$ cat work.cif   # mmCIF, C-alpha atoms and all ligand atoms
data_run
loop_
_atom_site.label_atom_id
_atom_site.label_comp_id
_atom_site.auth_asym_id
_atom_site.auth_seq_id
_atom_site.Cartn_x
_atom_site.Cartn_y
_atom_site.Cartn_z
CA MET A 1 -13.20 56.98 70.76
CA GLY A 2 -12.00 59.61 68.30
CA PHE A 3 -10.61 63.00 69.31
CA ILE A 4 -10.33 66.27 67.42
CA PRO A 5 -6.58 66.69 66.78
CA ALA A 6 -6.59 70.51 66.96
CA GLU A 7 -8.30 70.32 70.37
CA LEU A 8 -5.58 67.98 71.70
CA ILE A 9 -2.87 70.28 70.31
CA LYS A 10 -4.57 73.27 71.98
CA LYS A 11 -4.88 71.37 75.25
CA LYS A 12 -1.12 70.75 75.33
CA LYS A 13 -0.38 74.28 74.11
CA HIS A 14 -2.17 75.59 77.22
CA GLY A 15 -0.27 73.17 79.48
CA GLY A 16 -3.12 70.71 80.00
CA GLU A 17 -2.58 67.09 81.00
CA HIS A 18 -3.54 64.37 78.50
CA SER A 19 -5.37 61.23 79.51
CA ARG A 20 -4.05 57.77 78.64
CA GLU A 21 -6.75 57.47 75.96
CA GLU A 22 -5.77 60.78 74.36
CA ILE A 23 -2.10 59.82 74.14
CA LEU A 24 -2.90 56.36 72.82
CA TRP A 25 -5.17 57.87 70.20
CA LEU A 26 -2.57 60.43 69.12
CA ILE A 27 0.19 57.83 68.78
CA ASN A 28 -1.98 55.23 67.03
CA SER A 29 -3.52 57.76 64.64
CA PHE A 30 -0.08 59.11 63.74
CA THR A 31 1.38 55.62 63.25
CA SER A 32 -1.48 54.53 61.00
CA GLY A 33 -1.17 57.70 58.91
CA ASP A 34 -4.58 59.09 59.93
CA LEU A 35 -2.97 61.98 61.82
CA PRO A 36 -0.84 63.97 59.35
CA ASP A 37 2.74 65.07 60.00
CA TYR A 38 1.76 68.76 60.28
CA GLN A 39 -0.55 68.08 63.22
CA MET A 40 1.90 65.72 64.92
CA SER A 41 4.73 68.24 64.62
CA SER A 42 2.51 70.94 66.04
CA TRP A 43 1.67 68.68 69.00
CA ALA A 44 5.37 67.77 69.46
CA MET A 45 6.21 71.49 69.58
CA ALA A 46 3.50 72.04 72.22
CA VAL A 47 5.08 69.21 74.24
CA TRP A 48 8.48 70.83 73.77
CA PHE A 49 7.17 74.06 75.35
CA LYS A 50 4.83 72.68 78.01
CA GLY A 51 6.42 69.32 78.94
CA MET A 52 4.50 66.34 80.27
CA THR A 53 3.66 64.92 83.67
CA THR A 54 5.21 61.64 84.82
CA SER A 55 1.96 59.81 84.05
CA GLU A 56 1.76 61.29 80.55
CA ILE A 57 5.38 60.22 79.88
CA ALA A 58 4.58 56.67 81.03
CA TYR A 59 1.50 56.56 78.72
CA LEU A 60 3.54 57.96 75.82
CA THR A 61 6.32 55.37 76.25
CA GLU A 62 3.80 52.54 76.57
CA ALA A 63 1.83 53.68 73.49
CA MET A 64 5.02 54.01 71.43
CA ARG A 65 6.32 50.61 72.55
CA ASP A 66 2.96 48.99 71.76
CA SER A 67 2.64 50.68 68.36
CA GLY A 68 4.24 47.54 66.89
CA ASP A 69 5.41 44.05 67.82
CA LYS A 70 7.78 43.34 70.66
CA PHE A 71 10.58 40.79 70.63
CA ASN A 72 10.42 37.65 72.69
CA PHE A 73 13.79 36.18 73.55
CA SER A 74 12.54 33.46 75.88
CA ASN A 75 14.75 30.99 73.92
CA ILE A 76 17.75 32.74 75.45
CA LYS A 77 18.45 31.45 78.92
CA GLY A 78 20.86 34.19 80.00
CA PRO A 79 20.63 37.96 80.32
CA ARG A 80 19.86 40.29 77.39
CA ILE A 81 21.64 43.60 77.75
CA ASP A 82 21.71 46.80 75.72
CA LYS A 83 23.24 50.27 75.81
CA HIS A 84 21.69 53.48 74.50
CA SER A 85 23.07 56.97 74.28
CA THR A 86 20.94 60.09 74.46
CA GLY A 87 22.91 61.45 71.50
CA GLY A 88 26.29 63.04 70.98
CA VAL A 89 28.84 64.28 68.47
CA GLY A 90 31.46 61.70 67.48
CA ASP A 91 29.63 59.25 69.73
CA LYS A 92 30.57 55.92 68.20
CA THR A 93 30.94 53.67 71.26
CA THR A 94 28.28 51.15 70.13
CA LEU A 95 30.63 49.89 67.42
CA ILE A 96 33.18 48.97 70.08
CA ILE A 97 30.85 47.95 72.92
CA GLY A 98 28.66 45.57 70.88
CA PRO A 99 31.67 43.51 69.73
CA ILE A 100 33.17 43.45 73.25
CA LEU A 101 29.91 42.13 74.70
CA ALA A 102 29.47 39.64 71.83
CA ALA A 103 33.01 38.38 72.48
CA ALA A 104 31.95 37.85 76.12
CA LYS A 105 28.91 35.90 74.83
CA VAL A 106 26.33 38.39 76.06
CA HIS A 107 23.17 38.73 73.95
CA ILE A 108 22.54 42.29 72.70
CA PRO A 109 19.34 42.87 70.70
CA MET A 110 19.83 46.48 69.66
CA ILE A 111 17.28 48.75 67.96
CA ALA A 112 19.49 51.69 67.07
CA GLY A 113 18.90 55.15 65.60
CA ARG A 114 19.88 57.38 62.72
CA GLY A 115 21.26 60.90 63.03
CA LEU A 116 19.02 63.11 65.14
CA GLY A 117 19.32 66.90 65.24
CA HIS A 118 23.02 67.77 65.34
CA THR A 119 23.98 64.29 66.63
CA GLY A 120 25.11 61.29 64.59
CA GLY A 121 23.37 57.91 64.38
CA THR A 122 24.80 54.41 64.68
CA LEU A 123 22.77 53.13 61.71
CA ASP A 124 24.07 55.83 59.38
CA LYS A 125 27.64 55.06 60.47
CA LEU A 126 27.19 51.34 59.81
CA GLU A 127 25.61 52.01 56.44
CA SER A 128 28.84 53.70 55.36
CA ILE A 129 30.31 50.18 55.20
CA PRO A 130 29.52 49.04 51.64
CA GLY A 131 27.07 46.13 51.78
CA PHE A 132 26.07 46.52 55.45
CA ARG A 133 22.34 45.96 56.04
CA VAL A 134 20.45 47.46 58.97
CA SER A 135 17.06 46.35 57.65
CA LEU A 136 17.08 42.69 58.64
CA THR A 137 13.84 40.77 58.78
CA ARG A 138 12.44 40.15 62.22
CA ALA A 139 13.36 36.47 61.95
CA GLU A 140 16.93 37.26 60.87
CA PHE A 141 17.41 39.68 63.77
CA GLN A 142 16.00 37.15 66.23
CA GLU A 143 18.31 34.44 64.88
CA HIS A 144 21.39 36.68 64.86
CA VAL A 145 20.85 37.71 68.47
CA GLU A 146 20.14 34.15 69.62
CA LYS A 147 23.03 32.46 67.77
CA HIS A 148 25.62 35.20 67.36
CA PHE A 149 24.84 37.46 70.35
CA PHE A 150 24.91 40.90 68.70
CA SER A 151 22.73 42.42 66.02
CA LEU A 152 21.39 45.90 65.22
CA ILE A 153 18.32 47.00 63.33
CA ALA A 154 16.36 50.18 62.69
CA GLN A 155 12.81 50.71 63.87
CA THR A 156 10.55 49.15 61.22
CA GLU A 157 6.91 49.09 60.10
CA ASP A 158 6.47 46.34 62.71
CA ILE A 159 8.89 47.26 65.50
CA CYS A 160 8.40 50.65 67.17
CA PRO A 161 6.76 52.19 64.07
CA ALA A 162 5.63 55.18 66.14
CA ASP A 163 9.24 56.04 66.99
CA ARG A 164 10.29 55.39 63.39
CA LYS A 165 7.92 58.15 62.23
CA LEU A 166 8.18 60.52 65.18
CA TYR A 167 12.00 60.30 65.30
CA ALA A 168 12.22 61.39 61.64
CA LEU A 169 9.68 64.17 62.22
CA ARG A 170 11.39 65.53 65.36
CA ASP A 171 14.71 65.52 63.53
CA VAL A 172 13.52 68.15 61.07
CA THR A 173 11.06 70.16 63.19
CA GLY A 174 13.26 71.36 66.05
CA THR A 175 11.57 69.11 68.61
CA VAL A 176 14.38 66.73 69.49
CA ASP A 177 15.57 68.18 72.81
CA SER A 178 12.42 67.48 74.78
CA LEU A 179 12.71 65.32 77.88
CA PRO A 180 9.34 63.50 77.44
CA LEU A 181 9.90 62.92 73.72
CA ILE A 182 13.44 61.60 74.31
CA CYS A 183 12.14 59.27 77.03
CA GLY A 184 9.31 57.95 74.83
CA SER A 185 11.70 57.47 71.91
CA ILE A 186 14.49 55.69 73.76
CA MET A 187 12.49 53.62 76.19
CA SER A 188 9.86 52.46 73.66
CA LYS A 189 12.69 50.90 71.64
CA LYS A 190 14.47 49.45 74.62
CA LEU A 191 11.30 48.00 76.16
CA ALA A 192 10.44 46.33 72.83
CA GLU A 193 13.77 44.47 72.96
CA ASP A 194 12.82 42.12 75.83
CA LEU A 195 15.89 43.13 77.85
CA THR A 196 16.96 42.18 81.34
CA GLY A 197 19.46 45.04 81.71
CA LEU A 198 20.20 48.40 80.12
CA VAL A 199 23.09 50.84 80.41
CA LEU A 200 22.27 54.42 79.47
CA ASP A 201 24.89 56.91 78.35
CA VAL A 202 23.19 60.19 79.25
CA LYS A 203 25.14 63.05 77.73
CA PHE A 204 25.43 66.57 79.08
CA GLY A 205 27.26 69.60 77.70
CA SER A 206 27.46 71.76 74.61
CA GLY A 207 27.08 68.81 72.21
CA ALA A 208 24.25 67.09 74.10
CA PHE A 209 20.51 67.73 74.05
CA MET A 210 20.70 68.32 77.82
CA LYS A 211 23.22 71.13 78.20
CA SER A 212 23.76 70.99 81.98
CA VAL A 213 24.50 68.21 84.47
CA PRO A 214 21.22 68.80 86.44
CA GLU A 215 19.16 68.54 83.21
CA ALA A 216 20.98 65.33 82.25
CA LEU A 217 20.42 63.99 85.76
CA GLU A 218 16.69 64.66 85.43
CA LEU A 219 16.61 62.79 82.12
CA ALA A 220 18.72 59.92 83.49
CA THR A 221 16.42 59.54 86.51
CA LEU A 222 13.34 59.52 84.29
CA LEU A 223 14.79 56.95 81.88
CA LYS A 224 15.99 54.76 84.73
CA ASP A 225 12.64 54.87 86.56
CA THR A 226 10.79 54.05 83.34
CA GLY A 227 13.02 51.02 82.72
CA GLU A 228 12.80 49.77 86.26
CA LYS A 229 9.01 50.11 86.43
CA ASN A 230 9.01 47.80 83.41
CA GLY A 231 11.26 45.19 85.04
CA VAL A 232 14.59 46.14 83.42
CA ARG A 233 17.70 46.75 85.57
CA VAL A 234 19.11 50.12 84.50
CA THR A 235 22.45 51.82 85.10
CA ALA A 236 22.86 55.38 83.84
CA LEU A 237 26.17 57.19 83.35
CA LEU A 238 26.27 60.98 82.99
CA THR A 239 28.98 61.64 80.43
CA ASN A 240 30.68 64.74 79.11
CA MET A 241 29.83 66.11 75.64
CA ASN A 242 31.59 69.46 76.00
CA GLU A 243 33.90 68.37 73.19
CA PRO A 244 33.42 65.79 70.42
CA LEU A 245 34.14 62.24 71.49
CA GLY A 246 37.42 61.00 70.05
CA ARG A 247 39.10 61.92 66.79
CA PHE A 248 36.42 61.91 64.10
CA VAL A 249 32.86 63.14 63.52
CA GLY A 250 31.07 61.69 60.50
CA ASN A 251 30.19 58.25 59.22
CA SER A 252 32.93 56.23 57.47
CA VAL A 253 35.58 58.16 59.44
CA GLU A 254 33.95 57.13 62.73
CA VAL A 255 33.84 53.49 61.62
CA GLN A 256 37.57 53.77 60.82
CA GLU A 257 38.25 55.16 64.31
CA CYS A 258 36.44 52.17 65.84
CA VAL A 259 38.32 49.65 63.68
CA ASP A 260 41.58 51.31 64.74
CA ILE A 261 40.64 51.13 68.43
CA LEU A 262 39.46 47.52 68.09
CA SER A 263 42.86 46.82 66.44
CA GLY A 264 44.69 48.29 69.44
CA LYS A 265 45.88 51.42 67.63
CA LYS A 266 46.39 54.82 69.21
CA PHE A 267 46.48 58.18 67.44
CA ILE A 268 48.98 60.36 69.26
CA ASP A 269 49.46 63.97 68.23
CA ARG A 270 51.28 66.56 70.38
CA GLY A 271 51.40 64.02 73.22
CA ILE A 272 47.62 63.41 73.24
CA ASP A 273 45.94 60.17 72.16
CA PHE A 274 42.87 61.43 70.27
CA TYR A 275 41.32 57.96 70.46
CA GLU A 276 41.55 57.82 74.25
CA ASN A 277 38.10 59.19 75.18
CA THR A 278 36.32 56.88 72.74
CA ARG A 279 38.27 53.91 74.05
CA LYS A 280 37.81 54.85 77.72
CA LEU A 281 34.06 55.50 77.50
CA SER A 282 33.49 52.30 75.48
CA LEU A 283 35.36 50.25 78.09
CA GLU A 284 33.59 51.86 81.06
CA LEU A 285 30.14 51.32 79.52
CA SER A 286 31.11 47.74 78.63
CA GLY A 287 32.23 47.14 82.22
CA HIS A 288 28.79 48.16 83.51
CA MET A 289 27.07 46.01 80.88
CA LEU A 290 29.19 42.95 81.69
CA TYR A 291 28.34 43.42 85.35
CA LEU A 292 24.59 43.65 84.59
CA ALA A 293 25.02 40.53 82.42
CA GLU A 294 26.50 38.74 85.45
CA LYS A 295 29.77 38.10 83.64
CA SER A 296 31.64 39.71 86.52
CA ALA A 297 31.17 40.05 90.27
CA THR A 298 31.89 43.79 90.22
CA VAL A 299 31.92 46.63 87.71
CA ALA A 300 35.73 46.84 88.09
CA GLU A 301 36.03 43.18 87.09
CA GLY A 302 33.68 43.86 84.19
CA LEU A 303 35.99 46.67 83.08
CA ALA A 304 39.04 44.38 83.31
CA LEU A 305 37.21 41.74 81.23
CA ALA A 306 36.29 44.36 78.62
CA GLU A 307 39.93 45.51 78.46
CA SER A 308 41.16 41.97 77.94
CA LEU A 309 38.61 41.26 75.16
CA LEU A 310 39.74 44.44 73.41
CA ALA A 311 43.45 43.72 73.88
CA SER A 312 43.22 40.10 72.70
CA GLY A 313 41.57 41.04 69.40
CA ALA A 314 38.43 39.04 70.31
CA ALA A 315 36.27 42.18 70.00
CA LEU A 316 37.76 43.01 66.57
CA THR A 317 36.92 39.49 65.40
CA ALA A 318 33.36 39.91 66.70
CA PHE A 319 33.03 43.21 64.81
CA LYS A 320 34.26 41.67 61.56
CA GLU A 321 31.81 38.78 62.04
CA LEU A 322 28.94 41.26 62.57
CA VAL A 323 29.88 43.11 59.37
CA PHE A 324 29.99 39.83 57.45
CA ARG A 325 26.68 38.53 58.87
CA GLN A 326 24.75 41.76 58.35
CA GLY A 327 25.81 42.14 54.75
CA PRO A 328 28.26 40.91 53.81
CA GLY A 329 29.73 44.33 54.34
CA ASP A 330 33.23 45.14 53.18
CA LEU A 331 35.39 47.06 55.64
CA SER A 332 38.25 47.24 53.13
CA LYS A 333 36.02 49.43 50.92
CA LEU A 334 35.12 52.12 53.48
CA PRO A 335 34.58 55.18 51.28
CA LEU A 336 37.19 57.92 51.44
CA ALA A 337 36.54 61.61 50.75
CA LYS A 338 37.82 63.17 47.53
CA SER A 339 38.89 66.40 49.22
CA SER A 340 39.88 67.84 52.57
CA LEU A 341 40.58 71.28 54.02
CA ASP A 342 42.40 72.32 57.18
CA VAL A 343 40.70 74.86 59.44
CA ALA A 344 43.35 76.95 61.20
CA ALA A 345 43.13 78.72 64.58
CA LEU A 346 42.62 82.48 64.19
CA GLN A 347 44.67 83.32 67.29
CA SER A 348 47.14 81.76 69.72
CA GLY A 349 46.12 80.64 73.20
CA PHE A 350 44.33 77.83 74.99
CA ILE A 351 41.21 76.07 73.69
CA HIS A 352 38.74 77.39 76.23
CA LYS A 353 35.37 76.20 74.95
CA ILE A 354 34.09 74.10 72.07
CA ASN A 355 30.50 74.59 71.00
CA THR A 356 30.14 70.90 70.19
CA GLU A 357 26.61 71.30 68.81
CA ALA A 358 28.09 73.66 66.18
CA VAL A 359 30.67 70.97 65.31
CA GLY A 360 27.75 68.54 64.78
CA LEU A 361 25.98 71.14 62.63
CA ALA A 362 29.17 71.66 60.60
CA SER A 363 29.22 67.93 59.88
CA ILE A 364 25.61 68.19 58.65
CA GLU A 365 26.62 71.17 56.51
CA LEU A 366 29.28 68.92 54.94
CA GLY A 367 26.63 66.29 54.14
CA ALA A 368 27.29 63.81 56.99
CA GLY A 369 23.72 64.28 58.30
CA ARG A 370 20.29 65.33 57.05
CA ARG A 371 18.71 68.81 56.85
CA VAL A 372 15.42 67.33 55.62
CA ALA A 373 14.23 63.76 55.97
CA SER A 374 14.80 62.96 52.27
CA ASP A 375 18.47 64.13 52.23
CA LYS A 376 21.02 61.57 51.07
CA ILE A 377 24.11 61.38 53.27
CA ASP A 378 27.64 61.75 51.91
CA MET A 379 29.18 58.84 53.82
CA THR A 380 32.69 60.24 53.35
CA ALA A 381 31.89 63.65 54.82
CA GLY A 382 33.21 64.44 58.27
CA ILE A 383 35.55 66.31 60.54
CA GLU A 384 38.84 65.38 62.17
CA VAL A 385 39.11 67.14 65.51
CA LEU A 386 42.71 68.28 65.93
CA CYS A 387 42.28 70.15 69.22
CA LYS A 388 41.06 69.36 72.71
CA LEU A 389 39.81 71.50 75.56
CA GLY A 390 42.76 73.01 77.41
CA MET A 391 45.22 72.46 74.54
CA LYS A 392 47.61 75.28 73.62
CA VAL A 393 47.43 76.28 69.96
CA GLU A 394 49.25 78.79 67.77
CA ALA A 395 47.52 81.10 65.28
CA GLY A 396 47.51 79.38 61.90
CA GLN A 397 47.75 75.89 63.37
CA PRO A 398 45.07 73.46 62.07
CA ILE A 399 42.41 72.77 64.72
CA PHE A 400 40.02 70.81 62.45
CA ARG A 401 40.32 68.99 59.12
CA ILE A 402 37.16 68.72 57.09
CA PHE A 403 36.43 66.00 54.51
CA GLY A 404 33.83 65.32 51.88
CA ASN A 405 33.00 64.87 48.24
CA CYS A 406 31.43 68.30 47.85
CA GLU A 407 34.02 71.09 48.14
CA GLU A 408 31.35 73.82 47.76
CA LYS A 409 30.17 72.91 51.27
CA PHE A 410 33.59 73.40 52.88
CA GLU A 411 33.47 77.17 53.41
CA GLY A 412 30.13 77.07 55.27
CA ALA A 413 31.42 74.27 57.52
CA ARG A 414 34.72 76.13 58.09
CA GLN A 415 32.86 79.25 59.23
CA LEU A 416 30.72 77.21 61.63
CA LEU A 417 33.78 75.49 63.07
CA LEU A 418 35.58 78.79 63.61
CA THR A 419 32.61 80.14 65.58
CA ALA A 420 32.55 76.89 67.60
CA ILE A 421 35.96 77.51 69.14
CA GLU A 422 36.79 79.95 71.92
CA ILE A 423 40.52 80.59 72.46
CA ASN A 424 41.74 82.43 75.59
CA ASP A 425 45.11 83.50 76.99
CA ALA A 426 44.65 81.42 80.13
CA PRO A 427 43.84 77.69 80.23
CA PRO A 428 40.24 76.81 81.15
CA LYS A 429 39.49 76.03 84.79
CA ASP A 430 37.21 73.34 86.23
CA LEU A 431 37.02 71.07 83.18
CA LEU A 432 34.62 68.24 84.02
CA PRO A 433 35.77 64.61 83.69
CA LEU A 434 34.48 62.25 81.00
CA ILE A 435 32.10 60.53 83.44
CA VAL A 436 30.66 62.70 86.21
CA LYS A 437 28.12 60.39 87.82
CA VAL A 438 26.86 56.82 87.74
CA LEU A 439 23.31 55.95 88.81
CA THR A 440 23.08 52.27 89.66
N1 LIG A 501 18.12 58.56 71.02
C1 LIG A 501 16.86 58.15 70.66
O1 LIG A 501 16.65 57.00 70.28
N2 LIG A 501 15.85 59.04 70.74
C2 LIG A 501 16.02 60.30 71.16
O2 LIG A 501 15.06 61.03 71.21
C3 LIG A 501 17.32 60.74 71.52
C4 LIG A 501 18.36 59.83 71.43
#

$ encode --input "work.cif" --output "structure tokens"
Amino acid sequence: MGFIPAELIKKKKHGGEHSREEILWLINSFTSGDLPDYQMSSWAMAVWFKGMTTSEIAYLTEAMRDSGDKFNFSNIKGPRIDKHSTGGVGDKTTLIIGPILAAAKVHIPMIAGRGLGHTGGTLDKLESIPGFRVSLTRAEFQEHVEKHFFSLIAQTEDICPADRKLYALRDVTGTVDSLPLICGSIMSKKLAEDLTGLVLDVKFGSGAFMKSVPEALELATLLKDTGEKNGVRVTALLTNMNEPLGRFVGNSVEVQECVDILSGKKFIDRGIDFYENTRKLSLELSGHMLYLAEKSATVAEGLALAESLLASGAALTAFKELVFRQGPGDLSKLPLAKSSLDVAALQSGFIHKINTEAVGLASIELGAGRRVASDKIDMTAGIEVLCKLGMKVEAGQPIFRIFGNCEEKFEGARQLLLTAIEINDAPPKDLLPLIVKVLT
């Protein structure tokens, strides 16, 4: 049955509840190109304002998953595990976790994403490695996962095509931070992967789509329930995005941070290891994944296994093998920026707040992300974060370093970064830890 698109948009605009048939029709018509982008973005905005019921969210996720083919990994005898983040700034843990899990011989069939809103995307980061390919054929991906444990691809014409189109549309129409649309996007991809277990990194804070812990908890519960109703064991961690994760925000700079961590390096400045949060979160998430993969009897043992695979260099080897297989990519040719500029603190005091979303937007301003879908990314563009919440700084001291190939963009990014930082005379109270809650 056909529907009149404007009537469905109006129905949602007035807070009505869609039927399964209506949602299926909307998603299929959009995927096939019959429903134009302008009507889909209008509908997505109505969803942003009015939300969706639990049944509507289930229909949306199912329709998006079934918009293309699903993988079948019945050749693999053991567990298939994945991790997905709801989106952050400097959030690069996949590039450490995937290799750790591959080194433990756990199969990870990962459909990953590009930058979304102010957040970065794993695929864009990997594409900063000259020669790296994220567009494998279906058969290649299947073979890589079966034989070599870890592979990543983008959504394609065949796999989750509805998310491929809607993801790109939401990115440029201000409709990213919607609980039902995030659930449909993430879970359609994860349910197409034929997983047995999934670990979700649900971010909260100034750099996340869900700004508060209760909002993130609501999203985590929804994602977890959706996975479990579809036969996937799900663990969700609520993790802190009130400051960028780790040292760098960008593409090639984030890959470099991961290579350094996989190589056992630290980056200590004024007594603080700026790599520590990236390393810690990657290890914690890996511990939960290894537990779900039945490689350990407890999460603590999973964590210890992850630490040993990182320390031995086995995870670094697995990362290099991934880069070779999905290319060959050349890590020795990671592009470097032509220019850089230090952004200095305007006053002395303690770093009280970081508007992490503004840091993400500054990286887009520099060219590390897209303003419109057709934008080409400057893979060298990015930001080095030289301050942390609670740190004491002096006026004139650099708190960020910005990089890129286009110096004309530096001043706009510098202004954004200066507005992102709040400096006070007293240190901030009640800073939340990196991981506030785990839903098992
Ligand atoms: N990651 C996704 O894949 N989709 C979203 O909507 C948000 C984060």

$ closest_atom_pairs --input "work.cif" --of "chain A" --to "ligand LIG 501 (chain A)" --cutoff "8 Å" --atoms "all atoms listed in the file" --output "CSV"
residue,atom,partner,partner_atom,distance
A:His84,CA,A:LIG501,N1,7.1
A:Ser85,CA,A:LIG501,N1,6.1
A:Thr86,CA,A:LIG501,C4,4.0
A:Gly87,CA,A:LIG501,C4,4.8
A:Ala112,CA,A:LIG501,O1,6.8
A:Gly113,CA,A:LIG501,O1,5.5
A:Leu116,CA,A:LIG501,C3,7.0
A:Tyr167,CA,A:LIG501,O2,6.7
A:Val176,CA,A:LIG501,O2,6.0
A:Asp177,CA,A:LIG501,O2,7.3
A:Ser178,CA,A:LIG501,O2,7.8
A:Leu181,CA,A:LIG501,O2,6.0
A:Ile182,CA,A:LIG501,O2,3.5
A:Cys183,CA,A:LIG501,O2,6.7
A:Gly184,CA,A:LIG501,O2,7.5
A:Ser185,CA,A:LIG501,N2,4.6
A:Ile186,CA,A:LIG501,O1,4.3
A:Met187,CA,A:LIG501,O1,8.0
A:Lys189,CA,A:LIG501,O1,7.4

$ atom_distance --input "work.cif" --atom1 "atom CA of A:Ala104" --atom2 "atom CA of A:Asp260"
20.1 Å

$ closest_residue --input "work.cif" --among "A:Met52, A:Ala154, A:Val359, A:Met210" --to "A:Glu127" --atoms "only C-alpha atoms"
A:Ala154

$ closest_residue --input "work.cif" --among "A:Gly15, A:Gly250, A:Gly369, A:Gly313" --to "A:Phe403" --atoms "only C-alpha atoms"
A:Gly250

$ closest_residue --input "work.cif" --among "A:Leu305, A:Leu389, A:Ile159, A:Leu439" --to "A:Phe274" --atoms "all atoms listed in the file"
A:Leu389

$ closest_residue --input "work.cif" --among "A:Ile402, A:Leu200, A:Ala58, A:Leu26" --to "A:Pro180" --atoms "all atoms listed in the file"
A:Ala58

$ build_atoms --input "work.cif" --residues "stretch 164-169 of chain A" --atoms "all heavy atoms" --output "mmCIF file, keeping the file's coordinate frame"
data_model
loop_
_atom_site.group_PDB
_atom_site.id
_atom_site.type_symbol
_atom_site.label_atom_id
_atom_site.label_comp_id
_atom_site.auth_asym_id
_atom_site.auth_seq_id
_atom_site.Cartn_x
_atom_site.Cartn_y
_atom_site.Cartn_z
ATOM 1 N N ARG A 164 9.727 55.253 64.751
ATOM 2 C CA ARG A 164 10.290 55.390 63.390
ATOM 3 C C ARG A 164 9.790 56.697 62.748
ATOM 4 O O ARG A 164 10.552 57.482 62.208
ATOM 5 C CB ARG A 164 9.857 54.183 62.575
ATOM 6 C CG ARG A 164 10.257 54.155 61.143
ATOM 7 C CD ARG A 164 9.627 52.899 60.556
ATOM 8 N NE ARG A 164 9.353 53.016 59.154
ATOM 9 C CZ ARG A 164 10.076 52.438 58.200
ATOM 10 N NH1 ARG A 164 11.122 51.724 58.525
ATOM 11 N NH2 ARG A 164 9.738 52.577 56.955
ATOM 12 N N LYS A 165 8.486 56.960 62.873
ATOM 13 C CA LYS A 165 7.920 58.150 62.230
ATOM 14 C C LYS A 165 8.199 59.426 63.037
ATOM 15 O O LYS A 165 8.555 60.459 62.497
ATOM 16 C CB LYS A 165 6.399 57.987 62.078
ATOM 17 C CG LYS A 165 5.992 57.014 60.995
ATOM 18 C CD LYS A 165 4.495 57.024 60.744
ATOM 19 C CE LYS A 165 4.060 58.215 59.908
ATOM 20 N NZ LYS A 165 2.594 58.201 59.661
ATOM 21 N N LEU A 166 8.032 59.317 64.354
ATOM 22 C CA LEU A 166 8.180 60.520 65.180
ATOM 23 C C LEU A 166 9.639 60.984 65.241
ATOM 24 O O LEU A 166 9.938 62.183 65.252
ATOM 25 C CB LEU A 166 7.615 60.249 66.589
ATOM 26 C CG LEU A 166 7.463 61.441 67.518
ATOM 27 C CD1 LEU A 166 6.701 62.594 66.874
ATOM 28 C CD2 LEU A 166 6.757 61.038 68.831
ATOM 29 N N TYR A 167 10.561 60.008 65.269
ATOM 30 C CA TYR A 167 12.000 60.300 65.300
ATOM 31 C C TYR A 167 12.375 61.141 64.069
ATOM 32 O O TYR A 167 13.032 62.174 64.177
ATOM 33 C CB TYR A 167 12.717 58.948 65.262
ATOM 34 C CG TYR A 167 14.178 58.898 65.593
ATOM 35 C CD1 TYR A 167 14.602 58.633 66.898
ATOM 36 C CD2 TYR A 167 15.156 59.033 64.618
ATOM 37 C CE1 TYR A 167 15.957 58.514 67.201
ATOM 38 C CE2 TYR A 167 16.505 58.917 64.908
ATOM 39 C CZ TYR A 167 16.893 58.652 66.202
ATOM 40 O OH TYR A 167 18.231 58.535 66.499
ATOM 41 N N ALA A 168 11.892 60.680 62.893
ATOM 42 C CA ALA A 168 12.220 61.390 61.640
ATOM 43 C C ALA A 168 11.587 62.785 61.624
ATOM 44 O O ALA A 168 12.188 63.753 61.152
ATOM 45 C CB ALA A 168 11.744 60.564 60.453
ATOM 46 N N LEU A 169 10.382 62.880 62.198
ATOM 47 C CA LEU A 169 9.680 64.170 62.220
ATOM 48 C C LEU A 169 10.360 65.154 63.179
ATOM 49 O O LEU A 169 10.580 66.327 62.859
ATOM 50 C CB LEU A 169 8.228 63.921 62.648
ATOM 51 C CG LEU A 169 7.229 65.030 62.404
ATOM 52 C CD1 LEU A 169 7.051 65.258 60.906
ATOM 53 C CD2 LEU A 169 5.863 64.666 63.017
#
